[in-house]
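**Student:** Dropping in model.cif, which is mmCIF, C-alpha atoms and all ligand atoms:
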```
data_data
loop_
_atom_site.label_atom_id
_atom_site.label_comp_id
_atom_site.auth_asym_id
_atom_site.auth_seq_id
_atom_site.Cartn_x
_atom_site.Cartn_y
_atom_site.Cartn_z
CA MET A 54 -27.47 -13.53 -15.70
CA LYS A 55 -25.51 -10.29 -15.99
CA ILE A 56 -21.83 -10.56 -15.12
CA SER A 57 -20.37 -7.67 -13.10
CA PRO A 58 -17.42 -5.71 -14.56
CA VAL A 59 -15.15 -7.02 -11.79
CA GLU A 60 -16.13 -10.64 -12.57
CA GLN A 61 -15.61 -10.04 -16.27
CA LEU A 62 -12.07 -8.72 -15.73
CA PHE A 63 -11.29 -11.39 -13.13
CA THR A 64 -12.21 -14.10 -15.65
CA LEU A 65 -10.04 -12.51 -18.32
CA PHE A 66 -7.00 -12.14 -16.03
CA ASN A 67 -7.42 -15.61 -14.58
CA GLU A 68 -7.96 -17.52 -17.82
CA THR A 69 -5.17 -15.78 -19.74
CA ALA A 70 -2.78 -16.10 -16.76
CA LEU A 71 -3.47 -19.85 -16.64
CA MET A 72 -2.69 -20.19 -20.35
CA LEU A 73 0.57 -18.26 -19.97
CA GLN A 74 1.53 -20.09 -16.78
CA GLU A 75 1.26 -23.42 -18.56
CA GLU A 76 3.21 -22.42 -21.65
CA LEU A 77 5.88 -20.35 -19.96
CA ALA A 78 6.25 -22.80 -17.05
CA CYS A 79 6.24 -19.91 -14.57
CA SER A 80 4.26 -19.09 -11.42
CA TYR A 81 0.65 -17.89 -11.61
CA LEU A 82 1.66 -14.43 -10.29
CA GLU A 83 4.40 -14.07 -12.92
CA ALA A 84 1.92 -15.09 -15.61
CA LEU A 85 -0.55 -12.57 -14.23
CA ALA A 86 1.99 -9.75 -14.59
CA GLU A 87 2.64 -10.93 -18.19
CA THR A 88 -1.02 -10.98 -19.15
CA GLY A 89 -1.60 -7.55 -17.55
CA GLU A 90 1.29 -6.13 -19.54
CA ASN A 91 -0.12 -7.67 -22.78
CA LEU A 92 -3.49 -6.12 -22.10
CA PHE A 93 -1.94 -2.72 -21.38
CA GLN A 94 0.35 -2.76 -24.45
CA GLY A 95 -2.37 -4.16 -26.70
CA ALA A 96 0.09 -6.80 -27.94
CA ILE A 97 1.26 -10.29 -27.08
CA LEU A 98 4.78 -9.73 -25.85
CA GLN A 99 5.91 -13.31 -25.16
CA LYS A 100 7.83 -14.70 -28.12
CA GLU A 101 7.87 -18.37 -27.14
CA LEU A 102 4.13 -19.10 -27.37
CA SER A 103 2.49 -21.58 -29.76
CA GLU A 104 0.31 -20.20 -32.53
CA LEU A 105 -2.78 -21.68 -30.92
CA THR A 106 -2.13 -19.93 -27.58
CA VAL A 107 -1.49 -16.61 -29.34
CA LYS A 108 -4.84 -17.01 -31.13
CA ARG A 109 -6.69 -17.90 -27.94
CA LEU A 110 -5.12 -15.00 -26.03
CA LYS A 111 -5.92 -12.51 -28.80
CA LYS A 112 -9.54 -13.59 -28.81
CA GLN A 113 -9.83 -13.05 -25.05
CA TYR A 114 -8.11 -9.63 -25.09
CA GLU A 115 -10.24 -8.42 -27.99
CA GLU A 116 -13.40 -8.95 -25.97
CA ILE A 117 -12.28 -6.41 -23.34
CA HIS A 118 -11.98 -2.65 -23.70
CA LEU A 119 -10.27 -1.20 -20.65
CA ASP A 120 -11.82 2.22 -21.23
CA ASN A 121 -15.20 0.73 -20.32
CA PHE A 122 -14.02 -0.11 -16.78
CA SER A 123 -13.49 2.20 -13.82
CA ASN A 124 -10.14 2.24 -12.02
CA GLU A 125 -11.78 0.65 -9.00
CA ASP A 126 -13.17 -2.21 -11.17
CA ILE A 127 -9.68 -2.81 -12.53
CA ARG A 128 -8.04 -2.59 -9.08
CA LYS A 129 -10.57 -4.90 -7.42
CA SER A 130 -10.42 -7.56 -10.12
CA PHE A 131 -6.62 -7.45 -10.14
CA GLN A 132 -6.68 -7.73 -6.35
CA LEU A 133 -8.84 -10.86 -6.57
CA VAL A 134 -6.55 -12.60 -9.05
CA ILE A 135 -3.48 -11.69 -6.98
CA LEU A 136 -5.17 -13.12 -3.88
CA LYS A 137 -5.81 -16.33 -5.81
CA GLY A 138 -2.12 -16.48 -6.75
CA MET A 139 -0.96 -15.68 -3.22
CA LYS A 140 -2.96 -18.61 -1.81
CA ASP A 141 -0.54 -21.04 -3.48
CA ASN A 142 2.44 -19.13 -2.17
CA VAL A 143 1.75 -17.79 1.32
CA GLN A 144 4.30 -15.24 2.59
CA PRO A 145 2.93 -13.48 5.66
CA ASN A 146 4.97 -10.28 5.30
CA HIS A 147 4.16 -9.91 1.60
CA GLN A 148 0.42 -9.84 1.97
CA MET A 149 -1.58 -7.35 0.06
CA THR A 150 -3.28 -4.61 2.06
CA PRO A 151 -7.00 -5.45 2.24
CA ASP A 152 -9.67 -3.13 0.86
CA SER A 153 -11.09 -2.17 4.25
CA VAL A 154 -7.69 -0.81 5.35
CA GLY A 155 -7.11 0.85 1.97
CA MET A 156 -10.45 2.69 2.19
CA LEU A 157 -9.54 4.07 5.63
CA PHE A 158 -6.15 5.23 4.35
CA GLY A 159 -7.94 6.83 1.40
CA TYR A 160 -10.32 8.66 3.72
CA LEU A 161 -7.52 9.86 6.03
CA VAL A 162 -5.15 11.00 3.28
CA GLU A 163 -7.95 12.95 1.62
CA LYS A 164 -8.84 14.61 4.95
CA PHE A 165 -5.30 15.52 6.02
CA MET A 166 -3.89 16.50 2.64
CA THR A 167 -5.82 19.68 1.96
CA GLN A 168 -3.55 21.15 -0.72
CA PRO A 169 -4.68 20.71 -4.36
CA SER A 170 -1.60 18.71 -5.31
CA PHE A 171 1.02 16.76 -3.39
CA ARG A 172 3.77 14.13 -3.58
CA LEU A 173 3.22 10.75 -1.98
CA LEU A 174 5.58 7.85 -1.20
CA ASP A 175 4.76 4.23 -0.39
CA PRO A 176 8.10 2.63 0.62
CA ALA A 177 6.55 -0.87 0.91
CA VAL A 178 4.35 -0.69 -2.15
CA GLY A 179 3.95 -4.46 -2.69
CA THR A 180 1.31 -5.04 -5.37
CA GLY A 181 0.27 -1.37 -5.35
CA ASN A 182 -3.15 -2.24 -3.96
CA LEU A 183 -2.98 0.18 -1.02
CA LEU A 184 -1.40 2.93 -3.09
CA THR A 185 -3.89 2.74 -5.95
CA THR A 186 -6.83 2.55 -3.50
CA VAL A 187 -5.62 5.84 -2.01
CA LEU A 188 -5.09 7.37 -5.48
CA ASN A 189 -8.55 6.27 -6.63
CA HIS A 190 -10.08 7.96 -3.57
CA SER A 191 -8.31 11.25 -4.06
CA GLN A 192 -9.76 14.26 -5.84
CA LYS A 193 -6.34 15.96 -5.82
CA LYS A 194 -3.41 15.85 -8.20
CA VAL A 195 -1.08 13.30 -6.64
CA THR A 196 2.43 12.48 -7.87
CA SER A 197 3.47 9.18 -6.37
CA VAL A 198 6.50 6.98 -5.82
CA GLY A 199 6.49 3.30 -4.83
CA VAL A 200 9.46 1.25 -3.58
CA GLU A 201 9.49 -2.54 -3.21
CA ILE A 202 12.20 -5.14 -2.73
CA ASP A 203 10.37 -8.10 -4.27
CA ASP A 204 10.66 -8.16 -8.05
CA ILE A 205 7.45 -10.05 -8.76
CA LEU A 206 5.36 -7.82 -6.49
CA ILE A 207 6.76 -4.64 -8.03
CA LYS A 208 6.05 -5.99 -11.49
CA LEU A 209 2.45 -6.58 -10.43
CA ALA A 210 2.34 -3.05 -8.96
CA TYR A 211 3.67 -1.58 -12.19
CA VAL A 212 1.13 -3.47 -14.30
CA ASN A 213 -1.65 -2.56 -11.83
CA ALA A 214 -0.69 1.14 -12.10
CA ASN A 215 -0.51 1.01 -15.92
CA LEU A 216 -3.90 -0.65 -16.25
CA GLN A 217 -5.44 2.02 -14.01
CA GLY A 218 -3.59 4.84 -15.78
CA HIS A 219 -1.68 6.02 -12.70
CA PRO A 220 1.76 7.42 -13.59
CA ILE A 221 3.59 6.09 -10.52
CA GLN A 222 7.40 6.11 -10.33
CA PHE A 223 8.63 2.70 -9.12
CA PHE A 224 11.95 1.63 -7.59
CA ASN A 225 12.82 -2.04 -7.18
CA GLN A 226 15.19 -1.94 -4.21
CA ASP A 227 15.58 -2.24 -0.45
CA SER A 228 13.84 0.87 0.91
CA LEU A 229 16.24 1.04 3.81
CA GLU A 230 19.19 1.57 1.45
CA SER A 231 19.65 5.11 0.07
CA LEU A 232 16.57 6.33 -1.76
CA PHE A 233 17.14 8.69 -4.65
CA ILE A 234 13.83 10.51 -4.56
CA GLU A 235 12.66 14.08 -4.13
CA PRO A 236 11.20 14.74 -0.65
CA VAL A 237 7.47 14.04 -0.38
CA ASP A 238 4.51 15.69 1.36
CA THR A 239 3.09 12.43 2.63
CA VAL A 240 3.96 8.76 3.17
CA ILE A 241 1.64 5.76 3.37
CA ALA A 242 2.78 2.24 4.23
CA ASP A 243 1.52 -1.11 5.39
CA LEU A 244 4.83 -1.76 7.14
CA PRO A 245 6.70 -5.06 6.91
CA ILE A 246 6.92 -6.22 10.53
CA GLY A 247 9.95 -8.01 11.93
CA TYR A 248 13.72 -7.93 12.05
CA TYR A 249 15.88 -6.30 9.38
CA PRO A 250 18.77 -8.66 8.62
CA ASN A 251 21.30 -6.04 7.43
CA ASP A 252 22.96 -4.81 10.66
CA THR A 253 25.55 -2.72 8.80
CA ARG A 254 22.86 -0.76 7.04
CA ALA A 255 20.78 -0.49 10.23
CA ALA A 256 23.76 1.18 11.92
CA ASP A 257 23.00 4.29 9.81
CA TYR A 258 19.72 4.77 11.64
CA GLN A 259 18.95 6.42 14.96
CA LEU A 260 16.55 3.52 15.58
CA VAL A 261 19.26 0.83 15.32
CA ALA A 262 18.83 -1.80 18.07
CA ALA A 263 21.32 -1.61 20.92
CA GLU A 264 21.94 -5.34 20.41
CA GLY A 265 21.11 -7.80 17.63
CA HIS A 266 18.87 -7.07 14.66
CA SER A 267 16.79 -3.89 14.49
CA TYR A 268 13.09 -3.82 13.80
CA SER A 269 12.52 -3.16 10.13
CA HIS A 270 9.21 -1.42 10.86
CA HIS A 271 11.06 1.08 13.10
CA LEU A 272 13.70 1.71 10.43
CA PHE A 273 10.96 2.15 7.83
CA ILE A 274 9.40 4.88 9.98
CA GLU A 275 12.76 6.66 10.30
CA GLN A 276 13.55 6.34 6.59
CA SER A 277 10.09 7.70 5.71
CA VAL A 278 10.59 10.68 8.00
CA ARG A 279 13.94 11.43 6.32
CA HIS A 280 12.20 11.72 2.96
CA THR A 281 9.22 13.79 4.15
CA LEU A 282 9.09 17.58 4.04
CA PRO A 283 8.62 19.47 7.34
CA GLY A 284 4.91 19.52 8.20
CA GLY A 285 4.25 16.43 6.04
CA TYR A 286 1.98 13.62 7.23
CA LEU A 287 2.84 9.93 7.52
CA PHE A 288 0.28 7.13 7.72
CA PHE A 289 1.46 3.68 8.81
CA LEU A 290 -0.29 0.39 9.39
CA VAL A 291 1.46 -0.85 12.55
CA PRO A 292 1.06 -3.73 15.02
CA ASN A 293 -1.02 -2.84 18.09
CA GLY A 294 1.97 -3.63 20.28
CA LEU A 295 4.22 -1.05 18.54
CA PHE A 296 4.73 0.99 21.71
CA GLU A 297 5.16 -2.01 24.01
CA SER A 298 8.12 -3.91 22.51
CA GLU A 299 11.59 -3.93 24.10
CA GLN A 300 12.77 -1.48 21.39
CA ALA A 301 9.80 0.88 21.99
CA PRO A 302 11.58 3.38 24.30
CA GLN A 303 13.90 4.36 21.41
CA LEU A 304 10.92 4.78 19.11
CA HIS A 305 9.23 7.04 21.70
CA GLU A 306 12.36 9.17 21.85
CA PHE A 307 12.58 9.35 18.07
CA ILE A 308 8.95 10.41 17.77
CA LYS A 309 9.32 13.04 20.49
CA GLU A 310 12.31 14.53 18.70
CA HIS A 311 11.00 14.60 15.11
CA LEU A 312 7.24 14.13 15.02
CA PHE A 313 3.80 14.92 16.41
CA ILE A 314 1.38 12.05 16.87
CA GLN A 315 -1.78 13.15 15.09
CA GLY A 316 -3.78 10.00 15.62
CA LEU A 317 -3.96 6.31 16.35
CA LEU A 318 -6.87 4.31 15.00
CA GLN A 319 -7.13 0.75 16.25
CA LEU A 320 -8.74 -1.52 13.68
CA PRO A 321 -11.44 -3.97 14.81
CA THR A 322 -10.04 -7.31 16.01
CA SER A 323 -12.56 -9.09 13.76
CA MET A 324 -10.37 -8.06 10.82
CA PHE A 325 -7.46 -10.20 12.05
CA LYS A 326 -6.82 -13.89 12.62
CA SER A 327 -5.97 -13.42 16.29
CA LYS A 328 -5.93 -10.65 18.89
CA ASN A 329 -2.12 -10.65 18.78
CA SER A 330 -2.04 -9.90 15.08
CA GLY A 331 -4.28 -6.80 15.48
CA LYS A 332 -3.16 -3.59 13.79
CA SER A 333 -3.67 0.16 14.01
CA ILE A 334 -3.20 3.12 11.72
CA LEU A 335 -0.63 5.51 13.18
CA ILE A 336 -0.77 9.09 11.87
CA LEU A 337 2.32 11.27 12.36
CA GLN A 338 3.35 14.75 11.32
CA LYS A 339 6.95 15.79 10.79
CA LYS A 340 7.96 18.75 12.93
CA GLY A 341 9.02 21.98 11.25
CA GLU A 342 8.92 25.73 11.62
CA GLY A 343 5.39 26.89 12.46
CA VAL A 344 4.06 23.31 12.67
CA GLN A 345 1.83 22.99 15.73
CA PRO A 346 0.77 19.75 17.45
CA PRO A 347 -2.95 18.93 17.42
CA LYS A 348 -4.94 20.11 20.48
CA GLN A 349 -5.58 16.45 21.11
CA ALA A 350 -4.55 13.38 19.11
CA LEU A 351 -7.32 11.51 17.29
CA LEU A 352 -7.63 8.29 19.30
CA VAL A 353 -10.19 5.86 17.98
CA ASN A 354 -11.13 2.21 18.47
CA LEU A 355 -12.84 1.36 15.23
CA PRO A 356 -15.88 -0.92 15.50
CA SER A 357 -16.44 -3.77 13.08
CA LEU A 358 -16.86 -2.04 9.72
CA SER A 359 -20.15 -3.88 9.17
CA ASN A 360 -21.61 -2.28 12.33
CA ALA A 361 -23.23 0.68 10.58
CA VAL A 362 -24.59 2.38 13.75
CA GLU A 363 -21.25 2.34 15.61
CA MET A 364 -19.33 3.22 12.46
CA ASP A 365 -21.57 6.23 11.96
CA LYS A 366 -20.82 7.45 15.50
CA ILE A 367 -17.09 7.09 14.96
CA LEU A 368 -17.22 8.90 11.63
CA THR A 369 -19.03 11.79 13.32
CA LYS A 370 -16.35 11.81 16.04
CA MET A 371 -13.64 11.93 13.37
CA GLU A 372 -15.40 14.66 11.39
CA ASN A 373 -15.67 16.76 14.61
CA TRP A 374 -11.98 16.19 15.31
CA PHE A 375 -11.07 17.40 11.80
CA GLN A 376 -13.21 20.50 12.27
CA GLU A 377 -11.59 21.33 15.61
CA ASN A 378 -8.04 20.56 14.59
CA LYS A 379 -7.81 21.13 10.86
CA GLY A 380 -10.78 23.37 10.09
N1 LIG A 401 0.63 -2.23 0.64
C1 LIG A 401 1.09 -3.41 -0.08
C2 LIG A 401 0.01 -3.89 -1.05
O1 LIG A 401 -1.10 -3.32 -1.04
O2 LIG A 401 0.27 -4.86 -1.78
C3 LIG A 401 1.47 -4.54 0.86
C4 LIG A 401 2.59 -4.21 1.79
S1 LIG A 401 3.22 -5.65 2.56
C5 LIG A 401 2.43 -5.71 4.08
C6 LIG A 401 4.86 -5.14 2.97
C7 LIG A 401 5.77 -5.07 1.75
O3 LIG A 401 7.06 -4.61 2.14
C8 LIG A 401 5.98 -6.41 1.08
O4 LIG A 401 5.58 -6.32 -0.26
C9 LIG A 401 7.50 -6.67 1.18
O5 LIG A 401 8.04 -7.33 0.07
C10 LIG A 401 8.02 -5.24 1.30
N2 LIG A 401 9.33 -5.12 1.95
C11 LIG A 401 9.80 -5.78 3.03
N3 LIG A 401 11.04 -5.37 3.34
C12 LIG A 401 11.37 -4.41 2.42
C13 LIG A 401 12.53 -3.60 2.21
N4 LIG A 401 13.57 -3.69 3.02
N5 LIG A 401 12.51 -2.72 1.19
C14 LIG A 401 11.44 -2.62 0.36
N6 LIG A 401 10.32 -3.36 0.51
C15 LIG A 401 10.28 -4.24 1.53
#
```
Before we go any further, please render this structure as structure tokens.
**Tutor:**
Amino acid sequence: MKISPVEQLFTLFNETALMLQEELACSYLEALAETGENLFQGAILQKELSELTVKRLKKQYEEIHLDNFSNEDIRKSFQLVILKGMKDNVQPNHQMTPDSVGMLFGYLVEKFMTQPSFRLLDPAVGTGNLLTTVLNHSQKKVTSVGVEIDDILIKLAYVNANLQGHPIQFFNQDSLESLFIEPVDTVIADLPIGYYPNDTRAADYQLVAAEGHSYSHHLFIEQSVRHTLPGGYLFFLVPNGLFESEQAPQLHEFIKEHLFIQGLLQLPTSMFKSKNSGKSILILQKKGEGVQPPKQALLVNLPSLSNAVEMDKILTKMENWFQENKG
């Protein structure tokens, strides 16, 4: 039986990560970052391994030539091994963005960003899965920046980017602290949802809560807007209840002052564990001189992605909207 390229890479990542995990006495995800880095550097970088393990690792790496794999093969296989590692260590707000969402972001970014080259920021880059899905779907020249607070996730993102040959600039820090980056044309983010514990820092934001902790997803939106050029687009994965929480009136005000809502695409409930955990893609544009709001915002309830007939209708609706508003 023929093994697919994704399976072939999955097996390599998994087996070599297991070897490293055992000898380095670290987590599976840490071992995965180590093996990815070895593969990228073409060397075994860990000094404390036994001769036998070095020999076994070398043999496995020699069987694989990365040039024979597409970026999407590399991304998908890396995604599968990360998912395996995340199963042992479930952290709801650290979850990787699934493929289905990544594809939609890829489609939208490609449609909205019509210039031949642009700068993109993902301030909650995690494992880099969403960011590299978008990059792999783009025909344009994209310079990108990723920021992430978790040091294991950003290491995975960095290895993921290296293996796919994407020159992404990474920052391992709290995105709500000062960001030392050049302004960008577009932002994408699968936002971390919940309260931001640092009230002192939150006080620097217009979207600080009147009482108690502020919503980190609101602050992330404000921080992203600060770093976007006038006229730039922002794409966020947000909870369906974003505009219904007790802190929503402030968010409405903020949006009215700085942004135009370009679209809101509600994802099918079948993609989520419960109705309450449903999410949407919110598309915003930063106001600026000469920037006009759309005639009508793109409002879509996406059907189950496996429903080809309904999906086709929605895609036609979206294509028509782009022609009327962006053509
Ligand atoms: N798109 C990512 C991917 O494909 O792996 C997943 C994003 S995940 C839903 C949200 C990410 O935000 C997590 O990786 C989490 O560690 C990160 N995060 C949460 N609070 C943060 C903060 N204050 N600064 C930077 N990153 C943060």
**Student:** For ligand LIG 401 (chain A), which residue out of A:Lys137, A:Lys111, A:His147, A:Arg254 is the nearest one, using all atoms listed in the file?
**Tutor:**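 When distances to ligand LIG 401 (chain A) are compared using all atoms listed in the file, the smallest one comes from A:His147.
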**Student:** Which chains and residue numbers are within 10 Å of ligand LIG 401 (chain A), counting all atoms listed in the file, if I want them as an MDAnalysis selection string?
**Tutor:** chainID A and resid 132 135 144:152 154:155 175:186 199:207 209:210 224:230 241:251 269:270 272:273 290:291
**Student:** Near Gln74 (chain A), counting all atoms listed in the file, which residues have an atom at most 10 Å away, once you skip same-chain residues fewer than 3 positions from it, shown as a list in words?
**Tutor:**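 My reading of the contact set: Glu68, Thr69, Ala70, Leu71, Leu77, Ala78, Cys79, Ser80, Tyr81, Leu82, Glu83, Ala84, Leu85, Glu87 and Thr88 of chain A.
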**Student:** Counting all atoms listed in the file, which residue out of A:Val240, A:Leu232, A:Leu312, A:Ala256 sits closest to Met166 (chain A)?
**Tutor:**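 Smallest separation from Met166 (chain A) among the options: A:Val240.
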**Student:** Do a neighbour search on region 92-107 of chain A at 8 Å with only C-alpha atoms, toss out local chain neighbours closer than 2 positions, and write the hits as a PyMOL selection string.
**Tutor:** chain A and resi 72+76-77+88-90+109-111+114+212+215-216
**Student:** Restricting the calculation to only C-alpha atoms: of A:Pro58, A:Pro169, A:Gly159, A:Gly284, which residue gets closest to Leu119 (chain A)?
**Tutor:** A:Pro58
**Student:** Record the distance separating CA of Leu358 (chain A) and CA of Gly331 (chain A), expressed in Å with one decimal.
**Tutor:**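 Taking CA of Leu358 (chain A) and CA of Gly331 (chain A), their separation equals 14.6 Å.
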